[in-house]
Every structure is written in C-alpha cells, then in structure tokens.
file data02.txt (compact mmCIF, C-alpha atoms)
# COMPACT_ATOMS: atom_id res chain seq x y z
CA MET A 1 172.73 256.17 34.30
CA GLU A 2 170.95 256.76 37.57
CA GLN A 3 172.86 255.55 40.59
CA LEU A 4 171.35 252.56 42.31
CA ARG A 5 170.29 253.38 45.85
CA ALA A 6 170.60 250.53 48.32
CA PRO A 7 167.50 250.36 50.47
CA SER A 8 169.14 248.37 53.22
CA TRP A 9 172.52 247.27 54.50
CA VAL A 10 174.03 244.15 55.97
CA LEU A 11 176.18 244.67 59.04
CA LEU A 12 178.73 242.31 60.49
CA VAL A 13 180.31 242.60 63.92
CA TYR A 14 182.72 239.91 64.96
CA LYS A 15 185.54 239.00 67.22
CA ILE A 16 187.98 236.23 66.67
CA PRO A 17 190.83 234.82 68.77
CA ARG A 18 194.07 236.73 68.30
CA GLU A 19 195.89 233.52 67.41
CA PRO A 20 196.44 232.13 64.89
CA THR A 21 196.95 235.41 63.12
CA SER A 22 196.58 233.67 59.73
CA SER A 23 192.88 233.01 60.45
CA ARG A 24 192.28 236.61 61.48
CA ALA A 25 194.04 237.81 58.35
CA ALA A 26 192.07 235.47 56.08
CA ILE A 27 188.73 236.81 57.35
CA TRP A 28 189.96 240.37 56.97
CA ARG A 29 191.15 239.71 53.40
CA LYS A 30 187.78 238.25 52.47
CA LEU A 31 185.95 241.29 53.82
CA LYS A 32 188.28 243.56 51.86
CA ARG A 33 187.75 241.46 48.77
CA LEU A 34 183.98 241.84 49.16
CA GLY A 35 184.55 245.59 49.27
CA ALA A 36 183.02 245.90 52.75
CA LEU A 37 183.53 249.18 54.59
CA LEU A 38 184.73 249.17 58.18
CA LEU A 39 182.82 251.85 60.09
CA HIS A 40 184.48 253.33 63.18
CA ASP A 41 186.75 250.32 63.50
CA ALA A 42 183.73 248.34 64.66
CA VAL A 43 181.11 247.44 62.08
CA TRP A 44 181.62 246.01 58.61
CA VAL A 45 178.95 247.13 56.19
CA LEU A 46 177.82 246.20 52.69
CA PRO A 47 174.74 247.13 50.67
CA ALA A 48 172.19 244.33 51.10
CA THR A 49 171.84 242.13 48.04
CA THR A 50 171.12 238.41 47.78
CA TRP A 51 174.79 237.92 47.11
CA THR A 52 176.17 240.03 49.97
CA ARG A 53 173.74 238.39 52.43
CA GLU A 54 174.92 234.93 51.36
CA GLN A 55 178.56 235.87 51.50
CA LEU A 56 178.37 237.37 54.98
CA GLN A 57 176.25 234.49 56.23
CA TRP A 58 178.96 232.00 55.25
CA LEU A 59 181.69 234.27 56.57
CA ALA A 60 179.88 234.39 59.94
CA VAL A 61 179.82 230.56 59.95
CA GLU A 62 183.55 230.51 59.21
CA ILE A 63 184.27 232.97 62.03
CA GLY A 64 182.33 230.72 64.41
CA GLU A 65 184.37 227.70 63.33
CA LEU A 66 187.55 229.65 63.96
CA GLY A 67 186.50 230.05 67.59
CA GLY A 68 185.14 233.54 67.12
CA GLU A 69 181.73 235.10 67.41
CA ALA A 70 179.83 236.98 64.73
CA TYR A 71 176.60 238.94 64.59
CA LEU A 72 174.95 239.69 61.30
CA TRP A 73 172.12 242.18 60.80
CA GLU A 74 170.18 243.72 58.00
CA SER A 75 169.18 247.30 58.69
CA HIS A 76 168.04 250.65 57.38
CA LEU A 77 169.62 253.96 58.22
CA LEU A 78 167.16 256.14 60.09
CA LEU A 79 168.87 259.51 59.90
CA ASN A 80 168.06 261.53 56.82
CA GLY A 81 170.77 261.51 54.19
CA GLN A 82 173.03 258.98 55.85
CA ALA A 83 172.31 256.29 53.27
CA ASP A 84 173.59 258.66 50.60
CA VAL A 85 176.67 259.47 52.64
CA LEU A 86 177.42 255.79 53.09
CA ALA A 87 176.79 254.99 49.43
CA GLN A 88 179.13 257.84 48.57
CA GLN A 89 181.88 256.24 50.65
CA PHE A 90 181.56 253.05 48.62
CA LYS A 91 181.61 255.02 45.38
CA THR A 92 184.59 257.12 46.39
CA ARG A 93 186.61 254.03 47.13
CA VAL A 94 185.88 252.19 43.89
CA ASN A 95 186.37 255.38 41.91
CA ALA A 96 189.84 255.78 43.39
CA ALA A 97 190.66 252.22 42.32
CA TYR A 98 189.24 252.86 38.85
CA GLN A 99 191.30 256.06 38.59
CA GLU A 100 194.46 254.08 39.31
CA ILE A 101 193.66 251.84 36.36
CA LEU A 102 193.05 254.88 34.15
CA SER A 103 196.38 256.46 35.04
CA GLU A 104 198.21 253.21 34.45
CA LEU A 105 196.50 252.97 31.08
CA GLU A 106 198.04 256.33 30.18
CA GLN A 107 201.52 254.89 30.39
CA ASP A 108 203.39 253.42 27.47
CA GLU A 109 203.36 249.66 27.40
CA ALA A 110 200.60 249.45 29.98
CA ASP A 111 200.13 245.86 31.19
CA LEU A 112 196.66 245.26 29.71
CA VAL A 113 196.42 241.74 31.08
CA ALA A 114 197.05 242.89 34.65
CA LEU A 115 194.87 245.99 34.28
CA SER A 116 191.89 244.12 32.91
CA ARG A 117 192.16 241.64 35.79
CA LYS A 118 192.30 244.53 38.23
CA TYR A 119 189.23 246.04 36.56
CA GLN A 120 187.30 242.82 37.17
CA GLN A 121 188.23 242.87 40.85
CA VAL A 122 187.16 246.48 41.28
CA ARG A 123 183.94 245.91 39.36
CA ALA A 124 183.03 243.06 41.73
CA GLN A 125 183.02 245.67 44.52
CA ASP A 126 181.24 248.35 42.51
CA TYR A 127 177.85 247.98 44.16
CA PHE A 128 176.60 251.38 42.96
CA HIS A 129 177.58 251.06 39.30
CA SER A 130 180.05 253.90 39.04
CA GLU A 131 180.19 255.89 35.81
CA VAL A 132 183.96 255.79 36.10
CA GLY A 133 183.78 252.02 35.84
CA ARG A 134 181.99 252.25 32.52
CA HIS A 135 184.65 254.65 31.34
CA VAL A 136 187.45 252.27 32.39
CA ARG A 137 185.74 249.44 30.55
CA GLU A 138 185.52 251.49 27.37
CA ARG A 139 189.16 252.54 27.68
CA LEU A 140 190.26 248.93 28.11
CA MET A 141 188.23 247.88 25.09
CA ARG A 142 189.86 250.59 23.01
CA ALA A 143 193.33 249.76 24.30
CA ARG A 144 193.29 246.20 23.10
CA GLY A 145 195.37 245.54 20.06
CA GLY A 146 194.53 244.10 16.68
CA PHE A 147 191.28 244.96 14.98
CA ALA A 148 189.64 248.16 16.11
CA THR A 149 186.13 246.79 16.37
CA MET B 1 166.41 208.74 50.59
CA LYS B 2 165.28 212.34 51.02
CA TRP B 3 167.53 215.37 51.00
CA VAL B 4 166.41 218.84 51.99
CA THR B 5 167.77 222.31 51.35
CA TRP B 6 166.56 225.90 51.12
CA GLU B 7 164.74 227.19 48.07
CA GLN B 8 166.52 229.13 45.33
CA VAL B 9 169.33 226.73 44.56
CA GLY B 10 172.59 228.03 43.15
CA VAL B 11 176.03 226.86 42.11
CA ASP B 12 176.88 224.87 45.26
CA ARG B 13 173.52 223.11 45.63
CA MET B 14 173.36 222.19 41.95
CA ALA B 15 176.82 220.65 42.35
CA CYS B 16 175.76 218.79 45.51
CA ALA B 17 172.59 217.40 43.94
CA TRP B 18 174.59 216.23 40.94
CA LEU B 19 177.08 214.54 43.26
CA ILE B 20 174.36 212.93 45.39
CA THR B 21 172.47 211.43 42.47
CA LYS B 22 175.58 210.35 40.61
CA TYR B 23 177.69 208.95 43.44
CA LEU B 24 175.63 208.48 46.60
CA ASP B 25 171.93 207.93 46.04
CA ARG B 26 170.64 207.17 42.59
CA ASP B 27 167.03 207.54 43.74
CA ALA B 28 167.58 210.73 45.72
CA GLU B 29 164.49 212.83 46.32
CA PHE B 30 165.05 216.55 46.89
CA LEU B 31 162.85 218.73 49.09
CA PHE B 32 162.97 222.50 49.32
CA VAL B 33 161.94 224.75 52.20
CA PRO B 34 161.94 228.55 52.43
CA ALA B 35 165.23 229.99 53.71
CA GLY B 36 165.43 229.83 57.47
CA GLN B 37 162.32 227.69 57.93
CA LYS B 38 162.29 225.32 60.91
CA PRO B 39 161.68 222.58 61.72
CA LEU B 40 163.03 220.76 58.71
CA PRO B 41 161.06 217.80 57.30
CA GLU B 42 161.76 214.66 59.32
CA GLY B 43 163.86 211.90 57.84
CA ALA B 44 165.47 214.11 55.23
CA GLU B 45 169.22 214.83 55.22
CA PRO B 46 169.76 218.61 55.21
CA PHE B 47 172.48 220.06 53.02
CA ASP B 48 173.96 223.51 52.45
CA LEU B 49 172.14 225.04 55.43
CA PRO B 50 174.21 226.93 58.00
CA GLY B 51 175.16 224.73 60.93
CA VAL B 52 174.37 221.26 59.56
CA ARG B 53 176.87 218.45 58.89
CA LEU B 54 176.72 218.84 55.10
CA SER B 55 177.41 222.55 54.89
CA HIS B 56 180.20 225.06 54.56
CA HIS B 57 183.08 224.22 56.86
CA ARG B 58 186.41 225.95 57.35
CA GLY B 59 185.78 228.31 54.46
CA HIS B 60 184.92 225.55 52.00
CA CYS B 61 181.62 225.03 50.21
CA THR B 62 179.18 222.20 50.86
CA PHE B 63 180.30 220.28 47.78
CA TYR B 64 183.82 220.14 49.23
CA THR B 65 182.42 219.01 52.59
CA MET B 66 180.48 216.20 50.88
CA LEU B 67 183.62 214.85 49.22
CA ARG B 68 185.22 214.69 52.68
CA GLU B 69 182.18 213.28 54.50
CA TYR B 70 181.63 210.52 51.95
CA ALA B 71 185.33 209.89 51.30
CA LEU B 72 185.06 210.42 47.55
CA HIS B 73 188.62 210.50 46.27
CA ASP B 74 188.78 211.65 42.69
CA PRO B 75 191.14 214.41 41.54
CA VAL B 76 188.53 215.68 39.07
CA LEU B 77 185.88 215.99 41.79
CA GLU B 78 188.43 217.75 43.96
CA ARG B 79 189.13 220.22 41.21
CA ILE B 80 185.38 220.80 40.79
CA ALA B 81 185.26 221.44 44.55
CA ARG B 82 187.87 224.16 44.14
CA VAL B 83 185.88 225.72 41.29
CA VAL B 84 182.67 225.63 43.36
CA ASP B 85 184.48 227.07 46.41
CA GLU B 86 185.53 230.06 44.34
CA ALA B 87 182.17 230.34 42.58
CA ASP B 88 180.09 230.23 45.74
CA THR B 89 181.99 232.22 48.34
CA VAL B 90 184.55 234.97 48.39
CA GLN B 91 188.06 233.53 48.62
CA ASP B 92 191.35 235.24 49.35
CA VAL B 93 193.12 233.04 46.80
CA THR B 94 191.53 232.46 43.38
CA LEU B 95 192.96 229.90 40.97
CA GLU B 96 190.00 228.89 38.83
CA PRO B 97 188.82 231.40 36.20
CA ALA B 98 185.85 229.15 35.35
CA ALA B 99 184.39 229.85 38.80
CA ALA B 100 182.87 233.26 38.11
CA GLY B 101 181.22 232.07 34.92
CA LEU B 102 179.87 228.94 36.58
CA ASP B 103 178.17 231.02 39.28
CA VAL B 104 176.51 233.27 36.71
CA ILE B 105 175.31 230.29 34.65
CA CYS B 106 173.86 228.49 37.67
CA ARG B 107 172.02 231.62 38.81
CA GLY B 108 170.69 231.95 35.29
CA ILE B 109 169.54 228.33 35.25
CA ARG B 110 167.45 229.00 38.35
CA LEU B 111 165.99 232.12 36.70
CA VAL B 112 164.86 230.23 33.60
CA SER B 113 163.56 227.23 35.58
CA PRO B 114 159.99 227.05 36.90
CA ASP B 115 161.13 225.63 40.27
CA ASP B 116 164.13 224.32 42.18
CA GLN B 117 163.49 220.72 41.13
CA VAL B 118 163.82 221.59 37.47
CA ALA B 119 166.83 223.81 38.19
CA LEU B 120 168.67 220.88 39.80
CA GLU B 121 167.78 218.69 36.80
CA ARG B 122 169.14 221.25 34.37
CA GLY B 123 172.22 221.82 36.49
CA ARG B 124 173.25 218.19 35.99
CA LEU B 125 174.26 218.83 32.40
CA ILE B 126 176.53 221.67 33.51
CA TYR B 127 178.36 219.44 36.00
CA ASP B 128 178.51 216.47 33.64
CA ALA B 129 180.09 218.87 31.15
CA LEU B 130 182.50 220.35 33.70
CA TYR B 131 183.53 216.88 34.86
CA ALA B 132 184.11 215.69 31.30
CA GLN B 133 186.25 218.66 30.37
CA LEU B 134 188.32 218.66 33.58
CA HIS B 135 188.79 214.92 33.15
CA VAL B 136 190.26 215.48 29.70
CA GLU B 137 192.59 218.13 31.11
CA ALA B 138 193.67 215.84 33.92
CA ALA B 139 194.35 213.07 31.41
CA GLU B 140 196.46 215.49 29.43
CA GLY B 141 198.32 216.28 32.62
CA GLY B 142 197.58 219.95 32.51
CA PHE B 143 195.57 222.70 34.09
CA SER B 144 195.01 224.77 31.00
CA ALA B 145 191.80 225.68 29.21
CA GLY B 146 188.42 225.99 30.84
CA GLY B 147 189.70 227.17 34.18

call {"tool": "encode", "arguments": {"input": "data02.txt", "output": "structure tokens"}}
result
Amino acid sequence: MEQLRAPSWVLLVYKIPREPTSSRAAIWRKLKRLGALLLHDAVWVLPATTWTREQLQWLAVEIGELGGEAYLWESHLLLNGQADVLAQQFKTRVNAAYQEILSELEQDEADLVALSRKYQQVRAQDYFHSEVGRHVRERLMRARGGFAT
Amino acid sequence: MKWVTWEQVGVDRMACAWLITKYLDRDAEFLFVPAGQKPLPEGAEPFDLPGVRLSHHRGHCTFYTMLREYALHDPVLERIARVVDEADTVQDVTLEPAAAGLDVICRGIRLVSPDDQVALERGRLIYDALYAQLHVEAAEGGFSAGG
C-alpha cells in the first residue's frame, strides 16, 4: 500500500504555568496520546487532518483555561524533502511500538487482551498507515484461540 | 429559541442537540454557519464553538458543560457525558469503550446525511438508544455491557 503523504501539518506552541504540575502533565499526556511529535523541545506537530485540527483546537482552549497561552498553526514545509523526513519520524515511532507488540506476541502465554488493546492505541497514532501495523493486526487475528477462521 | 453551531456536526453536537430538544427547548431551531464565521446570527445561542459559554471547558466536551449550565442531574446523562468526552476529545484516562464506536457512527451519520439538520435528526435515535441502554445498566446496578 502506498504511504499516505500529509500535505500539511498542524503546529502547537504553548506555555502553561509551572503549577499545578498535574495540569501541565495532563496536557503533555494528551499530546503524547495523540502521537504528536515534539520538535526541538519547542513545537508540537501532527499531520493535519480534520481530526487532529479539532483535537488541537480544543487542547489550545484547555491550555488557555489553565492560565496558559497556546498558538496553533497549519503549515507546509518549504524545504525539499523535509515533509518526508518528518513523516518518517512518525512512522519510525509507531513502528517501534508495533515491533514491541510483535516481540511480546512471540512469547508463550502472551497476554492477547493487553496486546490487542495496545495495538488499538498505537493504531490511533498511526497517521501514515504503517505496513507493520497491518502485519501486527494479522498476527493478532491468527493468535486468537478457538476456530481458525 | 434558536441555537447556532458550526457546520459538519459530530458526536458532541449531535448529543447537545438531542439534549436541547429533549430537556431544554422542545421547539429548538438549529442554525449552522461555516467554521470560524463571524458574526454569528443575532438572537441565537451558540454552542460548541471555541470560547462561548456552551463549549468545551476544563477538558470536558460541550455536552458535559450543558449538563452543568442547565443543572441537569441524572446519572445516565452524566455517564453519556463521560462517553461523549472520550468520543470527542483525546483524554488521558479512558473508561468507556463505547466512546470510539460512537464517534465513528456519528461521523458516518453526517456522511450519509444531506445536511447538518438531517444529521442532527438522525443522531437523536443514537442518543435515545444510548440513554435507554445505559438506563437499563444503571437500574441493574452495573457498568457492564455497551461501554
């Protein structure tokens, strides 16, 4: 399957009061859960889709309500090849997570319930439709017990 | 009265419209404007737009905000609010497996509907159904099937 190429990106820059730390941590966890990449410790980036735009829009509102300040852009990379490099960073990260699932599947008595849940979480961040993800899905389907088909 | 929101309704707005018509304003009339358009139509209550009273607050969806703003106290509605929270925005804690499916279904309803008005109409059945099922679960004292 051909890899999807994101034509544009959404960028989030924010600052938030140091205290309470629980608020800072909650925002950070949500960005990690979205699978956003933190570039140069400064800019959070996601491929632009209807869904990622909505999510970051509401996150920016939440940051504002926590006493912080957030800027949200949509942009294109102007330097040749950089979009591919960035997309590759997203792919590399989800592939590493998929590989973890594959190695755990190799073990005897693998926890299929936990692994299939983990697969769903990784897939939610798999913006470029990794081949490895399809492989993990097939492996999980084959690993389930009972009837073979 | 009139209520206004952006075009392309989804899981949260379908839930809000269901709540409005069922609990707040039987004769509610819904208006839709393109995302980001200003000014909004006069005399219409805006909902689910960034920055308005009836919107996302403190990491919760607009449906949740509406329960608070209109002091609707019903454990089943509160559970629906949790489902919609998880369906509509990324959460660091997820407790409702029905959420992901609900989001997909509501997006699909918009896709198969000719406009937002019809999408809200069709969404009502989904929320009537969700309410009925969660009500049964609450009556049984459990938090089991259906998310």

call {"tool": "closest_atom_pairs", "arguments": {"input": "data02.txt", "of": "chain A", "to": "chain B", "cutoff": "9 Å", "atoms": "all atoms listed in the file", "output": "Markdown table"}}
result
| residue | atom | partner | partner_atom | distance |
| --- | --- | --- | --- | --- |
| A:Ala26 | CA | B:Asp92 | CA | 6.8 |
| A:Ile27 | CA | B:Asp92 | CA | 8.6 |
| A:Arg29 | CA | B:Asp92 | CA | 6.0 |
| A:Lys30 | CA | B:Asp92 | CA | 5.6 |
| A:Leu31 | CA | B:Val90 | CA | 8.4 |
| A:Arg33 | CA | B:Asp92 | CA | 7.2 |
| A:Leu34 | CA | B:Val90 | CA | 6.9 |
| A:Glu54 | CA | B:Thr89 | CA | 8.2 |
| A:Gln55 | CA | B:Thr89 | CA | 5.9 |
| A:Gln57 | CA | B:Pro50 | CA | 8.0 |
| A:Trp58 | CA | B:His56 | CA | 7.1 |
| A:Leu59 | CA | B:Gly59 | CA | 7.5 |
| A:Val61 | CA | B:Pro50 | CA | 7.0 |
| A:Glu62 | CA | B:Gly59 | CA | 5.7 |
| A:Ile63 | CA | B:Arg58 | CA | 8.7 |
| A:Glu65 | CA | B:Arg58 | CA | 6.6 |
| A:Leu66 | CA | B:Arg58 | CA | 7.7 |

call {"tool": "atom_distance", "arguments": {"input": "data02.txt", "atom1": "CA of Val83 (chain B)", "atom2": "CA of Ala98 (chain B)"}}
result
6.9 Å

call {"tool": "residues_around", "arguments": {"input": "data02.txt", "residues": "region 6-15 of chain B", "least_positions_apart": "2", "cutoff": "10 Å", "atoms": "all atoms listed in the file", "output": "PyMOL selection string"}}
result
chain B and resi 4+17-20+31-37+40+46-49+55-56+61-64+80-81+83-85+87-89+99+102-111+115-117+119-124+126-128

call {"tool": "residues_around", "arguments": {"input": "data02.txt", "residues": "region 85-94 of chain A", "least_positions_apart": "5", "cutoff": "10 Å", "atoms": "all atoms listed in the file", "output": "PDB file with C-alpha atoms, in the coordinates of the input"}}
result
ATOM      1  CA  GLN A   3     172.860 255.550  40.590  1.00  0.00           C
ATOM      2  CA  LEU A   4     171.350 252.560  42.310  1.00  0.00           C
ATOM      3  CA  ARG A   5     170.290 253.380  45.850  1.00  0.00           C
ATOM      4  CA  ALA A   6     170.600 250.530  48.320  1.00  0.00           C
ATOM      5  CA  TRP A   9     172.520 247.270  54.500  1.00  0.00           C
ATOM      6  CA  GLY A  35     184.550 245.590  49.270  1.00  0.00           C
ATOM      7  CA  ALA A  36     183.020 245.900  52.750  1.00  0.00           C
ATOM      8  CA  LEU A  37     183.530 249.180  54.590  1.00  0.00           C
ATOM      9  CA  LEU A  39     182.820 251.850  60.090  1.00  0.00           C
ATOM     10  CA  VAL A  45     178.950 247.130  56.190  1.00  0.00           C
ATOM     11  CA  LEU A  46     177.820 246.200  52.690  1.00  0.00           C
ATOM     12  CA  PRO A  47     174.740 247.130  50.670  1.00  0.00           C
ATOM     13  CA  LEU A  77     169.620 253.960  58.220  1.00  0.00           C
ATOM     14  CA  ASN A  80     168.060 261.530  56.820  1.00  0.00           C
ATOM     15  CA  GLN A  99     191.300 256.060  38.590  1.00  0.00           C
ATOM     16  CA  GLU A 100     194.460 254.080  39.310  1.00  0.00           C
ATOM     17  CA  VAL A 122     187.160 246.480  41.280  1.00  0.00           C
ATOM     18  CA  ARG A 123     183.940 245.910  39.360  1.00  0.00           C
ATOM     19  CA  ALA A 124     183.030 243.060  41.730  1.00  0.00           C
ATOM     20  CA  GLN A 125     183.020 245.670  44.520  1.00  0.00           C
ATOM     21  CA  ASP A 126     181.240 248.350  42.510  1.00  0.00           C
ATOM     22  CA  TYR A 127     177.850 247.980  44.160  1.00  0.00           C
ATOM     23  CA  PHE A 128     176.600 251.380  42.960  1.00  0.00           C
ATOM     24  CA  HIS A 129     177.580 251.060  39.300  1.00  0.00           C
ATOM     25  CA  SER A 130     180.050 253.900  39.040  1.00  0.00           C
ATOM     26  CA  GLU A 131     180.190 255.890  35.810  1.00  0.00           C
ATOM     27  CA  VAL A 132     183.960 255.790  36.100  1.00  0.00           C
ATOM     28  CA  GLY A 133     183.780 252.020  35.840  1.00  0.00           C
TER      29      GLY A 133
END

call {"tool": "atom_distance", "arguments": {"input": "data02.txt", "atom1": "CA of Ala97 (chain A)", "atom2": "CA of Lys118 (chain A)"}}
result
8.9 Å

call {"tool": "residues_near_point", "arguments": {"input": "data02.txt", "point": "(177.7, 243.2, 64.8)", "cutoff": "12 Å", "atoms": "only C-alpha atoms", "output": "PyMOL selection string"}}
result
chain A and resi 10-15+38-39+41-45+56+60+69-75

call {"tool": "atom_distance", "arguments": {"input": "data02.txt", "atom1": "CA of Gln120 (chain A)", "atom2": "CA of Trp51 (chain A)"}}
result
16.7 Å
